file coords-v7.cif (mmCIF, C-alpha atoms)
data_coords
#
loop_
_atom_site.group_PDB
_atom_site.id
_atom_site.type_symbol
_atom_site.label_atom_id
_atom_site.label_comp_id
_atom_site.auth_asym_id
_atom_site.auth_seq_id
_atom_site.Cartn_x
_atom_site.Cartn_y
_atom_site.Cartn_z
ATOM 1 C CA MET P 1 17.812 44.446 26.881
ATOM 2 C CA ASN P 2 17.028 44.249 23.148
ATOM 3 C CA ILE P 3 19.414 41.320 22.663
ATOM 4 C CA ILE P 4 17.683 39.321 25.427
ATOM 5 C CA LYS P 5 14.287 40.042 23.884
ATOM 6 C CA THR P 6 15.562 39.020 20.417
ATOM 7 C CA ILE P 7 17.045 35.764 21.756
ATOM 8 C CA SER P 8 13.873 35.006 23.725
ATOM 9 C CA THR P 9 11.703 35.619 20.660
ATOM 10 C CA SER P 10 13.981 33.464 18.498
ATOM 11 C CA LEU P 11 13.880 30.610 21.014
ATOM 12 C CA LEU P 12 10.101 30.852 21.230
ATOM 13 C CA VAL P 13 9.786 30.638 17.433
ATOM 14 C CA ILE P 14 12.093 27.601 17.356
ATOM 15 C CA VAL P 15 10.184 25.826 20.122
ATOM 16 C CA LEU P 16 6.820 26.521 18.480
ATOM 17 C CA THR P 17 7.931 25.253 15.073
ATOM 18 C CA LEU P 18 9.563 22.040 16.331
ATOM 19 C CA PRO P 19 6.337 19.969 16.206
ATOM 20 C CA ALA P 20 5.933 20.912 12.533
ATOM 21 C CA LEU P 21 9.359 19.574 11.600
ATOM 22 C CA PRO P 22 9.494 15.971 10.398
ATOM 23 C CA LEU P 23 11.121 13.664 12.885
ATOM 24 C CA GLN P 24 13.943 11.483 11.643
ATOM 25 C CA ALA P 25 14.053 7.927 12.900
ATOM 26 C CA ALA P 26 16.240 5.040 11.989
ATOM 27 C CA SER P 27 14.571 2.972 9.296
ATOM 28 C CA LYS P 28 14.022 -0.671 10.090
ATOM 29 C CA THR P 29 13.594 -2.767 6.971
ATOM 30 C CA SER P 30 12.422 -6.334 7.133
ATOM 31 C CA ASN P 31 14.258 -9.049 5.250
ATOM 32 C CA GLU P 32 10.955 -9.665 3.486
ATOM 33 C CA TYR P 33 10.513 -6.108 2.184
ATOM 34 C CA GLN P 34 11.642 -6.763 -1.398
ATOM 35 C CA ALA P 35 9.561 -9.940 -1.693
ATOM 36 C CA VAL P 36 6.457 -8.047 -0.557
ATOM 37 C CA VAL P 37 7.091 -5.189 -3.013
ATOM 38 C CA ASP P 38 7.738 -7.700 -5.806
ATOM 39 C CA THR P 39 4.376 -9.349 -5.098
ATOM 40 C CA ALA P 40 2.612 -5.969 -5.302
ATOM 41 C CA TYR P 41 4.199 -5.190 -8.677
ATOM 42 C CA LYS P 42 3.551 -8.735 -9.912
ATOM 43 C CA TYR P 43 -0.144 -8.131 -9.140
ATOM 44 C CA PHE P 44 -0.087 -4.757 -10.923
ATOM 45 C CA ASN P 45 1.662 -6.167 -14.017
ATOM 46 C CA GLY P 46 -0.762 -9.087 -14.013
ATOM 47 C CA LEU P 47 -3.701 -6.680 -14.197
ATOM 48 C CA ALA P 48 -2.184 -4.426 -16.846
ATOM 49 C CA GLY P 49 -1.034 -7.337 -19.008
ATOM 50 C CA ALA P 50 -4.018 -9.589 -18.300
ATOM 51 C CA ASP P 51 -1.404 -12.147 -17.304
ATOM 52 C CA GLN P 52 -3.257 -14.853 -15.400
ATOM 53 C CA GLY P 53 0.054 -16.481 -14.433
ATOM 54 C CA LEU P 54 1.209 -13.335 -12.617
ATOM 55 C CA LEU P 55 -2.190 -12.945 -10.969
ATOM 56 C CA ASN P 56 -2.104 -16.586 -9.833
ATOM 57 C CA ASP P 57 1.381 -16.010 -8.412
ATOM 58 C CA SER P 58 0.318 -12.907 -6.482
ATOM 59 C CA PHE P 59 -3.241 -13.755 -5.343
ATOM 60 C CA ASP P 60 -4.313 -16.294 -2.763
ATOM 61 C CA MET P 61 -6.958 -17.801 -5.040
ATOM 62 C CA GLU P 62 -8.197 -20.117 -2.294
ATOM 63 C CA PHE P 63 -8.892 -17.583 0.463
ATOM 64 C CA GLY P 64 -8.517 -14.080 -1.015
ATOM 65 C CA ASP P 65 -11.082 -11.456 -1.897
ATOM 66 C CA VAL P 66 -11.508 -7.880 -3.117
ATOM 67 C CA LYS P 67 -13.719 -5.307 -1.448
ATOM 68 C CA MET P 68 -15.031 -2.447 -3.570
ATOM 69 C CA LEU P 69 -17.195 0.492 -2.580
ATOM 70 C CA GLN P 70 -19.952 0.858 -5.179
ATOM 71 C CA LEU P 71 -23.196 2.712 -5.699
ATOM 72 C CA ASN P 72 -26.287 0.514 -5.822
ATOM 73 C CA LYS P 73 -28.103 1.663 -8.979
ATOM 74 C CA GLU P 74 -31.550 0.865 -7.588
ATOM 75 C CA THR P 75 -31.242 2.364 -4.107
ATOM 76 C CA GLN P 76 -28.481 4.930 -4.824
ATOM 77 C CA GLN P 77 -26.857 3.790 -1.583
ATOM 78 C CA GLN P 78 -23.188 2.945 -1.224
ATOM 79 C CA VAL P 79 -22.536 -0.746 -0.738
ATOM 80 C CA ILE P 80 -19.403 -2.798 -0.281
ATOM 81 C CA ARG P 81 -19.110 -5.510 -2.876
ATOM 82 C CA THR P 82 -16.945 -8.517 -2.070
ATOM 83 C CA VAL P 83 -15.540 -10.550 -4.956
ATOM 84 C CA PRO P 84 -13.280 -13.601 -4.616
ATOM 85 C CA LEU P 85 -9.811 -12.931 -6.072
ATOM 86 C CA LYS P 86 -10.254 -15.878 -8.421
ATOM 87 C CA GLU P 87 -13.337 -14.201 -9.919
ATOM 88 C CA PHE P 88 -11.681 -10.764 -9.918
ATOM 89 C CA ALA P 89 -8.626 -12.075 -11.800
ATOM 90 C CA ALA P 90 -10.915 -13.470 -14.507
ATOM 91 C CA PHE P 91 -12.122 -9.916 -15.309
ATOM 92 C CA PHE P 92 -8.723 -9.232 -16.907
ATOM 93 C CA LYS P 93 -8.821 -11.042 -20.233
ATOM 94 C CA GLU P 94 -6.884 -8.690 -22.513
ATOM 95 C CA PRO P 95 -3.825 -6.519 -21.887
ATOM 96 C CA THR P 96 -4.492 -2.818 -21.494
ATOM 97 C CA LYS P 97 -3.953 -0.641 -24.548
ATOM 98 C CA ASP P 98 -3.101 2.485 -22.564
ATOM 99 C CA THR P 99 -0.224 3.091 -20.202
ATOM 100 C CA TRP P 100 -0.626 2.312 -16.532
ATOM 101 C CA HIS P 101 1.729 3.586 -13.837
ATOM 102 C CA ALA P 102 2.157 2.211 -10.331
ATOM 103 C CA LYS P 103 4.105 3.180 -7.257
ATOM 104 C CA VAL P 104 4.287 1.520 -3.864
ATOM 105 C CA LEU P 105 3.572 4.273 -1.337
ATOM 106 C CA SER P 106 4.081 2.310 1.861
ATOM 107 C CA VAL P 107 4.848 -1.145 3.181
ATOM 108 C CA ASP P 108 4.152 -2.401 6.686
ATOM 109 C CA ILE P 109 5.414 -5.879 7.565
ATOM 110 C CA VAL P 110 4.485 -7.678 10.775
ATOM 111 C CA ASP P 111 6.699 -10.464 12.063
ATOM 112 C CA ASP P 112 7.728 -11.383 8.482
ATOM 113 C CA THR P 113 4.386 -13.160 8.011
ATOM 114 C CA MET P 114 1.831 -10.424 7.315
ATOM 115 C CA ALA P 115 2.130 -7.257 5.243
ATOM 116 C CA MET P 116 0.073 -4.258 4.163
ATOM 117 C CA VAL P 117 1.013 -2.430 0.967
ATOM 118 C CA LYS P 118 -0.452 0.877 -0.173
ATOM 119 C CA LEU P 119 -0.216 0.985 -3.963
ATOM 120 C CA ASN P 120 -1.001 4.036 -6.060
ATOM 121 C CA PHE P 121 -1.769 3.329 -9.674
ATOM 122 C CA GLU P 122 -3.162 5.301 -12.519
ATOM 123 C CA THR P 123 -4.599 4.649 -15.926
ATOM 124 C CA SER P 124 -5.449 7.296 -18.480
ATOM 125 C CA LYS P 125 -9.017 7.413 -17.115
ATOM 126 C CA THR P 126 -8.852 6.389 -13.453
ATOM 127 C CA HIS P 127 -6.755 6.903 -10.322
ATOM 128 C CA TYR P 128 -6.648 3.966 -7.912
ATOM 129 C CA ILE P 129 -5.366 3.437 -4.406
ATOM 130 C CA ASP P 130 -5.149 -0.216 -3.415
ATOM 131 C CA TYR P 131 -4.484 -1.564 0.036
ATOM 132 C CA LEU P 132 -3.100 -5.060 -0.384
ATOM 133 C CA VAL P 133 -3.021 -7.339 2.643
ATOM 134 C CA MET P 134 -0.614 -10.234 2.277
ATOM 135 C CA TYR P 135 0.236 -13.336 4.219
ATOM 136 C CA LYS P 136 3.347 -15.379 3.762
ATOM 137 C CA ARG P 137 2.008 -18.889 3.240
ATOM 138 C CA GLN P 138 4.130 -21.876 2.304
ATOM 139 C CA ASN P 139 7.147 -19.547 2.013
ATOM 140 C CA LYS P 140 5.428 -17.277 -0.548
ATOM 141 C CA TRP P 141 3.824 -13.825 -0.187
ATOM 142 C CA LEU P 142 0.222 -13.825 -1.439
ATOM 143 C CA ILE P 143 -2.452 -11.138 -1.494
ATOM 144 C CA VAL P 144 -5.363 -12.293 0.639
ATOM 145 C CA ASN P 145 -7.329 -9.066 0.619
ATOM 146 C CA LYS P 146 -7.471 -6.075 -1.677
ATOM 147 C CA ILE P 147 -9.437 -2.959 -0.823
ATOM 148 C CA VAL P 148 -9.662 -0.440 -3.605
ATOM 149 C CA PHE P 149 -10.485 3.247 -3.942
ATOM 150 C CA SER P 150 -11.013 4.579 -7.449
ATOM 151 C CA LYS P 151 -11.758 7.990 -8.844
ATOM 152 C CA SER P 152 -12.349 8.973 -12.447
ATOM 153 C CA LYS P 153 -9.986 11.592 -13.793
#

call {"tool": "encode", "arguments": {"input": "coords-v7.cif", "output": "structure tokens"}}
result
Amino acid sequence: MNIIKTISTSLLVIVLTLPALPLQAASKTSNEYQAVVDTAYKYFNGLAGADQGLLNDSFDMEFGDVKMLQLNKETQQQVIRTVPLKEFAAFFKEPTKDTWHAKVLSVDIVDDTMAMVKLNFETSKTHYIDYLVMYKRQNKWLIVNKIVFSKSK
């Protein structure tokens, strides 16, 4: 009787812990994956190096924008500020003096024409998470929207 109880208890524990185990699925990688990742890192290196050429190659300067959550100094209310990517790129005039690190956390590609990249990057003073939305236009991946979260260290 003890062996049946032990087996039953063991099976119950296994069944209850199954939802907590990560599921393994076959990975499906788009042919465009590397091009999308390259565009994300081109953007990052453009910021860190104040390289307007890299920023021009990664941003859709015609249609793109950045959305940033900020605190309105007068009202102390959070607001979303929208800045065209062309204006945002111009903020970066000199290469950074400290070390910046970046890592692509996730890539989601839809029909090889649209992509979403989650990029983690850190400076000595700030931690950023960027969501970069890209379209493939004229056979080139370009960032059309950047939404940023930042937190001081």

call {"tool": "resolve_selection", "arguments": {"input": "coords-v7.cif", "expression": "the PyMOL selection byres ((chain P and resi 81-94) around 6)", "output": "ChimeraX atom specification"}}
result
/P:50,61,64-68,80,95

call {"tool": "write_last_selection", "arguments": {"input": "coords-v7.cif", "atoms": "C-alpha atoms", "output": "PDB file, in the frame of the given file"}}
result
ATOM      1  CA  ALA P  50      -4.018  -9.589 -18.300  1.00  0.00           C
ATOM      2  CA  MET P  61      -6.958 -17.801  -5.040  1.00  0.00           C
ATOM      3  CA  GLY P  64      -8.517 -14.080  -1.015  1.00  0.00           C
ATOM      4  CA  ASP P  65     -11.082 -11.456  -1.897  1.00  0.00           C
ATOM      5  CA  VAL P  66     -11.508  -7.880  -3.117  1.00  0.00           C
ATOM      6  CA  LYS P  67     -13.719  -5.307  -1.448  1.00  0.00           C
ATOM      7  CA  MET P  68     -15.031  -2.447  -3.570  1.00  0.00           C
ATOM      8  CA  ILE P  80     -19.403  -2.798  -0.281  1.00  0.00           C
ATOM      9  CA  PRO P  95      -3.825  -6.519 -21.887  1.00  0.00           C
TER      10      PRO P  95
END

call {"tool": "resolve_selection", "arguments": {"input": "coords-v7.cif", "expression": "the PyMOL selection byres ((chain P and resi 99-114) around 7)", "output": "ChimeraX atom specification"}}
result
/P:32,48,97-98,115-124,134-136

call {"tool": "closest_residue", "arguments": {"input": "coords-v7.cif", "among": "P:Leu132, P:Leu54, P:Thr126, P:Val36", "to": "Ser150 of chain P", "atoms": "all atoms listed in the file"}}
result
P:Thr126

call {"tool": "closest_residue", "arguments": {"input": "coords-v7.cif", "among": "P:Phe44, P:Glu62, P:Asn31, P:Asp51", "to": "Val144 of chain P", "atoms": "all atoms listed in the file"}}
result
P:Glu62

call {"tool": "atom_distance", "arguments": {"input": "coords-v7.cif", "atom1": "atom CA of Ile143 of chain P", "atom2": "atom CA of Tyr128 of chain P"}}
result
16.9 Å

call {"tool": "atom_distance", "arguments": {"input": "coords-v7.cif", "atom1": "atom CA of Asp57 of chain P", "atom2": "atom CA of Trp141 of chain P"}}
result
8.9 Å

call {"tool": "atom_distance", "arguments": {"input": "coords-v7.cif", "atom1": "atom CA of Leu55 of chain P", "atom2": "atom CA of Ser152 of chain P"}}
result
24.2 Å

call {"tool": "residues_around", "arguments": {"input": "coords-v7.cif", "residues": "Ser58 of chain P", "least_positions_apart": "4", "cutoff": "9 Å", "atoms": "only C-alpha atoms", "output": "ChimeraX atom specification"}}
result
/P:39-43,46,53-54,140-143

call {"tool": "write_last_selection", "arguments": {"input": "coords-v7.cif", "atoms": "C-alpha atoms", "output": "PDB file, keeping the file's coordinate frame"}}
result
ATOM      1  CA  THR P  39       4.376  -9.349  -5.098  1.00  0.00           C
ATOM      2  CA  ALA P  40       2.612  -5.969  -5.302  1.00  0.00           C
ATOM      3  CA  TYR P  41       4.199  -5.190  -8.677  1.00  0.00           C
ATOM      4  CA  LYS P  42       3.551  -8.735  -9.912  1.00  0.00           C
ATOM      5  CA  TYR P  43      -0.144  -8.131  -9.140  1.00  0.00           C
ATOM      6  CA  GLY P  46      -0.762  -9.087 -14.013  1.00  0.00           C
ATOM      7  CA  GLY P  53       0.054 -16.481 -14.433  1.00  0.00           C
ATOM      8  CA  LEU P  54       1.209 -13.335 -12.617  1.00  0.00           C
ATOM      9  CA  LYS P 140       5.428 -17.277  -0.548  1.00  0.00           C
ATOM     10  CA  TRP P 141       3.824 -13.825  -0.187  1.00  0.00           C
ATOM     11  CA  LEU P 142       0.222 -13.825  -1.439  1.00  0.00           C
ATOM     12  CA  ILE P 143      -2.452 -11.138  -1.494  1.00  0.00           C
TER      13      ILE P 143
END

call {"tool": "axis_aligned_box", "arguments": {"input": "coords-v7.cif", "around": "segment 98-102 of chain P", "padding_each_side": "4 Å", "output": "AutoDock Vina command-line options"}}
result
--center_x -0.5 --center_y 2.9 --center_z -16.4 --size_x 13.3 --size_y 9.4 --size_z 20.2
